[in-house]
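Peer 1: Got a structure for you, questions after.
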Amino acid sequence: MPLSSKHLLGMHGVPAEDLNMILDTATTFREVLERPIKKVPTLKGKTIVNLFFENSTRTRISFELAQKRLSADTINFSTSTSSTKKGETFKDTVKNIEAMKVDMIVVRHESAGVPSYLTKISDANIINAGDGRHEHPTQALLDIYSIREKLGKIAGLKVCIVGDIAHSRVALSNIYALKTLGAEVSVCGPATMIPFGMEKLGVKIIHNIDQAIAENDVLNVLRIQLERKAGTTIPSLREYHNYFGVTAERLEKNNKDILILHPGPINRGVELSSEVADGPYQIILDQVTNGVAVRMSVLYLLGTMN
Ligand code: CP
């Protein structure tokens, strides 16, 4: 069965069957990544362009590696070396790239809605690699894959997303996908970092980090997005760490196991202490490894639909 859409724009409205198909297929590719030769010919002859209009380490490298592992031809576009610097519009840039016969476009942009706009001006499969504060679907998929790998299920788990919910695209994508798969989702942070009306998404709101640690099986701890002016919503980073930082003392006070995720990049000493970021509860680098397998799965399932 193919996926129900030829694009991956977000987790909103994606049926559980599609999510499970992506996660199950990723398990096969995760096994490929353990082989001495980590490459399969699945997308040989397909051309994929990575259009990154915003900085990235994990997502850009992970997509590029996933494409190479699937034997696709990969092109990387970066704004700083492109003709957008000479005034070329976004639409003209995309039309010119597409004229070179590109099959798939992976896009990251600071503006919400750009991946959706691309579906209207291009015939390629579009994959959202993060659009503004809107969605980051492959991050949610790799987070969920990593939780499922460690705990064996998603349905019935209590998962809390902690921190700067207001500026986060990771939060929304996680909430939509986790709820579709049957998890009980909450968010925890200062009131200024939780958008008004959040409870309408069916999530519990918590303003105390010790309560969030005590009540949940998993914490997905988000970065304070200083580049999106998140610093103006809290008195100081030290104050944030004192009230909401996940520390070893707080985790040890809690008398049960808990799984700590972080999408990266980490502000050490702000949302996580270094002890926790490198400690026994976290699976942060497992998330990064699994990200390649999850992106191989998405690229394969979309790239073989046409
Ligand atoms: N998690 C994530 O999106 O990281 P990058 O910004 O480095 O891609």
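By order of appearance in the structure tokens: chains A, B, ..., then residues from 1 within every chain, and ligands from 1 in the order shown.
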Hey, what's within 12 Å of A:Leu142 if we count only C-alpha atoms and toss same-chain stuff fewer than 5 positions away? As a PyMOL selection string, please?
Peer 2: chain A and resi 19+22-24+26-27+30+58-59+62+136-137+147-149+170+173-174+177-178+220+261-263+283-298
Peer 1: What do you get as number ranges by chain if you pick all residues at most 7 Å from ligand 1, counting only C-alpha atoms and all ligand atoms?
Peer 2: A: 55-60, 139, 263-265
Peer 1: Quick one: distance from atom CA of A:Ser116 to atom CA of A:Lys204 in Å, one decimal?
Peer 2: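 Answer for the atom CA of A:Ser116 to atom CA of A:Lys204 separation: 29.2 Å.
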Peer 1: Identify, with DSSP run on backbone atoms, the residues in stretch 23-222 of chain A assigned to strand (DSSP E), and express the list as an MDAnalysis selection string.
Peer 2: chainID A and resid 47:52 73:78 104:109 125:131 158:162 184:188 204:206 218:221
Peer 1: How would the residues just picked look written out with C-alpha atoms as a PDB file, in the first residue's frame?
Peer 2:
```
ATOM      1  CA  THR A  47      17.382  13.265  -8.317  1.00  0.00           C
ATOM      2  CA  ILE A  48      16.743  15.033  -5.023  1.00  0.00           C
ATOM      3  CA  VAL A  49      17.509  18.650  -4.153  1.00  0.00           C
ATOM      4  CA  ASN A  50      17.966  19.839  -0.576  1.00  0.00           C
ATOM      5  CA  LEU A  51      16.775  23.460  -0.421  1.00  0.00           C
ATOM      6  CA  PHE A  52      17.925  24.840   2.924  1.00  0.00           C
ATOM      7  CA  ASP A  73      21.617  11.772  -6.989  1.00  0.00           C
ATOM      8  CA  THR A  74      21.738  14.584  -4.434  1.00  0.00           C
ATOM      9  CA  ILE A  75      22.098  18.340  -4.938  1.00  0.00           C
ATOM     10  CA  ASN A  76      22.549  20.767  -2.057  1.00  0.00           C
ATOM     11  CA  PHE A  77      21.294  24.328  -2.373  1.00  0.00           C
ATOM     12  CA  SER A  78      22.487  26.940   0.073  1.00  0.00           C
ATOM     13  CA  MET A 104      12.029  15.351  -5.020  1.00  0.00           C
ATOM     14  CA  ILE A 105      12.594  18.563  -3.018  1.00  0.00           C
ATOM     15  CA  VAL A 106      13.508  18.653   0.673  1.00  0.00           C
ATOM     16  CA  VAL A 107      12.933  22.172   1.983  1.00  0.00           C
ATOM     17  CA  ARG A 108      13.738  24.081   5.174  1.00  0.00           C
ATOM     18  CA  HIS A 109      12.586  27.706   5.409  1.00  0.00           C
ATOM     19  CA  ASN A 125       7.507  15.260  -4.168  1.00  0.00           C
ATOM     20  CA  ILE A 126       7.924  17.881  -1.416  1.00  0.00           C
ATOM     21  CA  ILE A 127       9.294  17.015   2.030  1.00  0.00           C
ATOM     22  CA  ASN A 128       9.158  19.596   4.823  1.00  0.00           C
ATOM     23  CA  ALA A 129      12.475  19.724   6.717  1.00  0.00           C
ATOM     24  CA  GLY A 130      11.141  22.433   9.067  1.00  0.00           C
ATOM     25  CA  ASP A 131       9.065  25.537   8.207  1.00  0.00           C
ATOM     26  CA  LYS A 158       2.651   9.464  28.712  1.00  0.00           C
ATOM     27  CA  VAL A 159       4.853  11.888  26.776  1.00  0.00           C
ATOM     28  CA  CYS A 160       5.549  15.462  27.864  1.00  0.00           C
ATOM     29  CA  ILE A 161       7.047  18.082  25.554  1.00  0.00           C
ATOM     30  CA  VAL A 162       9.014  20.529  27.689  1.00  0.00           C
ATOM     31  CA  GLU A 184      -1.209  10.774  26.224  1.00  0.00           C
ATOM     32  CA  VAL A 185       0.530  14.069  25.477  1.00  0.00           C
ATOM     33  CA  SER A 186       1.250  17.008  27.786  1.00  0.00           C
ATOM     34  CA  VAL A 187       3.311  20.185  27.464  1.00  0.00           C
ATOM     35  CA  CYS A 188       5.338  21.797  30.247  1.00  0.00           C
ATOM     36  CA  LYS A 204      -2.545  18.591  29.232  1.00  0.00           C
ATOM     37  CA  ILE A 205      -0.720  21.761  30.316  1.00  0.00           C
ATOM     38  CA  ILE A 206       1.800  21.566  33.188  1.00  0.00           C
ATOM     39  CA  VAL A 218       9.062  10.311  28.301  1.00  0.00           C
ATOM     40  CA  LEU A 219      10.209  13.941  28.278  1.00  0.00           C
ATOM     41  CA  ASN A 220      11.005  15.506  24.901  1.00  0.00           C
ATOM     42  CA  VAL A 221      12.963  18.587  25.967  1.00  0.00           C
TER      43      VAL A 221
END
```
Peer 1: When distances are computed from only C-alpha atoms, which of A:Leu226, A:Leu272, A:Pro115, A:Ile266 shows the smallest separation from A:Thr247?
Peer 2: A:Leu272
